[in-house]
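What follows is a single structure, written as structure tokens, with notes after it.
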Amino acid sequence: MGDLVIEVDVAVVGGGPGGYSAAFRCAELGLETVVVDAGKRLGGACLWEGCIPSKALLHVAALIEDAERARELGVDFGEPRVSLDPLRKWKAERVVGRLARGLASVAKAKGVEVIGGRAVFESSRELRVEGDEPQKVRFKHAVIATGSAPAGLPGITFSSDRVIDSTAALELADVPERLLVIGGGYIGLELGQVYAALGSAVTLAEMTDGLLPGVDRALVHPLARRCEKLFAQIRLGARVTSLVERGSAIEARFDGDGVAAFDRVLVAVGRQPASAGLGLEYTRVSADTRGFIGVDDRCRTTDPAIYAVGDVTGEPMLAHRAMRQGKVAAEVMAGRPAAFDNVVVPAVVFTDPEVAWCGLTESEAEREGRTVKVAKREWAAAGRALTLGRSDGLTKLIADPDSGRVLGVGIVGPGAGELIAEGALAVETALTVEDLAATIHAHPTLSETLMEAAEVLLRG
């Protein structure tokens, strides 16, 4: 007997945020849709191995840090005691599991079937599903939403269960006494802070001269100060040249800066597209040398029948970008006018303090030779920040000097990830500084700092 053949309007390859957003919207628009996912589950790396579990653990880290700060206010809870088994169970069942069950329920309600197995294209109209129950899916349109995977350390092929990536770090196998985090981007900083709060002596190595490379230095500065207190050591301009297992430890050699031993090493040097082995050579889809699939503003690839969304299409590799792309692709496949024409994609680093930004940055304006007006509002004079015992924040506005239009917003401080929504709305809808300044913000709140920064620009 031959393979089972399923014929649908849309086949979505990958069940992450971009994939399930595309599938759900396709179903709403009357398109028969299936999702092919290797794990036969929805949520992707974001739910199972990234965004959600990391934010759950960051919440635990914040609780520990808040208990420590409370002593300054005359409230002493004593030394926190962390039990890993209940913590892992809470993360797996009450956070990740609950969201996973919710997605499965939505898929069932919308009539979206989830097929387990690895999808490989055999043509621009058909793919093969490899797994326990091999089958083929014929489609009118397909969406590639395979996401990304942790990148390895360039030039080092050493393998050990003591050298882990972000996925393994989130499993919380143990809390190592000495942890080396390689990479000072958002993944390294978030997980470094989690393990530092749980009790690890964290050494962070970043090959550039600053944390969060490419992010506004004014926003990074308060975070860097916090990390200096939390981490045992921060090595900037440090390249790890080799890793060697010595007994029960990993010996790391740094370029020109000696050798140190650690119980575990977390490699957090970025992510790479998961596009290999998809059979793209049997379609007209083209990918660049790094494996990223090019798309236009309607999420169409170079193959008219195939679309792509999310991390596999390049930077910024953010779940909310993927979700927006997925909805755009669905609208286009259904024959509706739609395009990914958003002005901004906000970014958030969920460290303590949080760092968030959207739109034009001051350094980008300088590189482009563009004249802008800049205002900073320190949180040291913000009433709500002081009541929280957190005066280490900053709100920054970038505006056009002629039109007054808000071009960019940056925020560092507790809750920055929530506050950036107003900044994104301001830039996306072409609000002016006067619009922000004239909008009454509740008092006392952290959001007032956006209004006050706008007032600074109006007075300037």
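Residue numbering restarts at 1 for every chain of the structure tokens, chains are lettered A, B, ... in their displayed order, and ligands are numbered from 1 as they appear.
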For the contact check between range 338-406 of chain A and range 50-71 of chain A, emit one row per residue of range 338-406 of chain A within 12 Å, containing the shortest atom pair and the distance in Å rounded to one decimal, counting only C-alpha atoms, chain then rising number order, as a Markdown table.
| residue | atom | partner | partner_atom | distance |
| --- | --- | --- | --- | --- |
| A:Val348 | CA | A:Cys51 | CA | 11.0 |
| A:Val349 | CA | A:Lys55 | CA | 10.2 |
| A:Phe350 | CA | A:Lys55 | CA | 7.2 |
| A:Thr351 | CA | A:Leu58 | CA | 7.4 |
| A:Asp352 | CA | A:Ala62 | CA | 7.5 |
| A:Pro353 | CA | A:Ala62 | CA | 9.8 |
| A:Glu354 | CA | A:Leu58 | CA | 10.8 |
| A:Leu388 | CA | A:Asp66 | CA | 10.2 |
| A:Gly389 | CA | A:Arg69 | CA | 8.3 |
| A:Arg390 | CA | A:Arg69 | CA | 9.9 |
Using only N, CA and C atoms, please write the residues we just selected to a file, as a PDB file, in the first residue's frame.
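What follows is the written file result_13.pdb:
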ATOM      1  N   VAL A 348      12.288  43.338  23.477  1.00  0.00           N
ATOM      2  CA  VAL A 348      12.354  43.373  24.942  1.00  0.00           C
ATOM      3  C   VAL A 348      13.382  42.354  25.434  1.00  0.00           C
ATOM      4  N   VAL A 349      14.222  42.779  26.345  1.00  0.00           N
ATOM      5  CA  VAL A 349      15.125  41.875  27.057  1.00  0.00           C
ATOM      6  C   VAL A 349      14.584  41.781  28.481  1.00  0.00           C
ATOM      7  N   PHE A 350      14.165  40.582  28.898  1.00  0.00           N
ATOM      8  CA  PHE A 350      13.450  40.419  30.165  1.00  0.00           C
ATOM      9  C   PHE A 350      14.391  40.183  31.342  1.00  0.00           C
ATOM     10  N   THR A 351      15.438  40.964  31.397  1.00  0.00           N
ATOM     11  CA  THR A 351      16.381  40.895  32.507  1.00  0.00           C
ATOM     12  C   THR A 351      15.878  41.770  33.649  1.00  0.00           C
ATOM     13  N   ASP A 352      16.708  41.919  34.671  1.00  0.00           N
ATOM     14  CA  ASP A 352      16.426  42.882  35.732  1.00  0.00           C
ATOM     15  C   ASP A 352      17.575  43.888  35.750  1.00  0.00           C
ATOM     16  N   PRO A 353      17.323  45.150  35.361  1.00  0.00           N
ATOM     17  CA  PRO A 353      16.065  45.690  34.856  1.00  0.00           C
ATOM     18  C   PRO A 353      15.800  45.263  33.413  1.00  0.00           C
ATOM     19  N   GLU A 354      14.526  45.326  33.023  1.00  0.00           N
ATOM     20  CA  GLU A 354      14.164  45.032  31.645  1.00  0.00           C
ATOM     21  C   GLU A 354      14.651  46.146  30.725  1.00  0.00           C
ATOM     22  N   LEU A 388       8.582  52.072  44.350  1.00  0.00           N
ATOM     23  CA  LEU A 388       8.941  50.682  44.094  1.00  0.00           C
ATOM     24  C   LEU A 388      10.368  50.376  44.532  1.00  0.00           C
ATOM     25  N   GLY A 389      11.084  51.406  44.953  1.00  0.00           N
ATOM     26  CA  GLY A 389      12.484  51.221  45.297  1.00  0.00           C
ATOM     27  C   GLY A 389      13.349  50.978  44.086  1.00  0.00           C
ATOM     28  N   ARG A 390      12.900  51.467  42.907  1.00  0.00           N
ATOM     29  CA  ARG A 390      13.615  51.221  41.671  1.00  0.00           C
ATOM     30  C   ARG A 390      13.805  52.539  40.912  1.00  0.00           C
TER      31      ARG A 390
END
- Message: What's around range 200-204 of chain A at 12 Å? Count only C-alpha atoms, leave out sequence neighbours fewer than 6 positions away in its own chain, and write the answer as a PyMOL selection string.
- Response: chain A and resi 174-185+187-194+210-211+224+227-240+252+254+260-269
- All residues 9 Å or closer to Leu127 in chain A, only C-alpha atoms, same chain fewer than 2 positions away omitted, as a list in words: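 Returned residues: Ala11, Ala119, Val120, Phe121, Glu122, Ser123, Ser124, Arg125, Val129, Gln135, Lys136, Val137, Arg138, Phe139 and Gly279 of chain A.
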Output file for the residues above (C-alpha atoms, as an mmCIF file, in the first residue's frame):
data_model
loop_
_atom_site.group_PDB
_atom_site.id
_atom_site.type_symbol
_atom_site.label_atom_id
_atom_site.label_comp_id
_atom_site.auth_asym_id
_atom_site.auth_seq_id
_atom_site.Cartn_x
_atom_site.Cartn_y
_atom_site.Cartn_z
ATOM 1 C CA ALA A 11 0.092 23.071 4.718
ATOM 2 C CA ALA A 119 8.088 17.582 6.593
ATOM 3 C CA VAL A 120 10.198 17.378 3.426
ATOM 4 C CA PHE A 121 9.100 19.068 0.211
ATOM 5 C CA GLU A 122 8.970 16.828 -2.852
ATOM 6 C CA SER A 123 7.695 19.608 -5.120
ATOM 7 C CA SER A 124 6.026 22.995 -4.966
ATOM 8 C CA ARG A 125 2.701 21.275 -4.379
ATOM 9 C CA VAL A 129 5.846 13.572 6.224
ATOM 10 C CA GLN A 135 2.128 10.200 4.555
ATOM 11 C CA LYS A 136 2.026 12.858 1.889
ATOM 12 C CA VAL A 137 0.324 16.221 1.905
ATOM 13 C CA ARG A 138 -0.723 17.916 -1.321
ATOM 14 C CA PHE A 139 -1.405 21.605 -0.983
ATOM 15 C CA GLY A 279 13.831 19.652 0.484
#
- Item | Separation of CA of Ala168 in chain A from CA of Ala356 in chain A, in Å and rounded to one decimal | 26.1 Å
- Query: Residues of range 251-394 of chain A in helix (DSSP H, G or I) according to DSSP, as a VMD selection string?
  - Reply: chain A and resid 280 to 282 310 to 313 319 to 333 362 to 368 379 to 381 383 to 387
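Nearest to Gly393 in chain A of all the residues A:Leu360, A:Arg226, A:Val344, A:Leu278 is A:Arg226, counting only C-alpha atoms.
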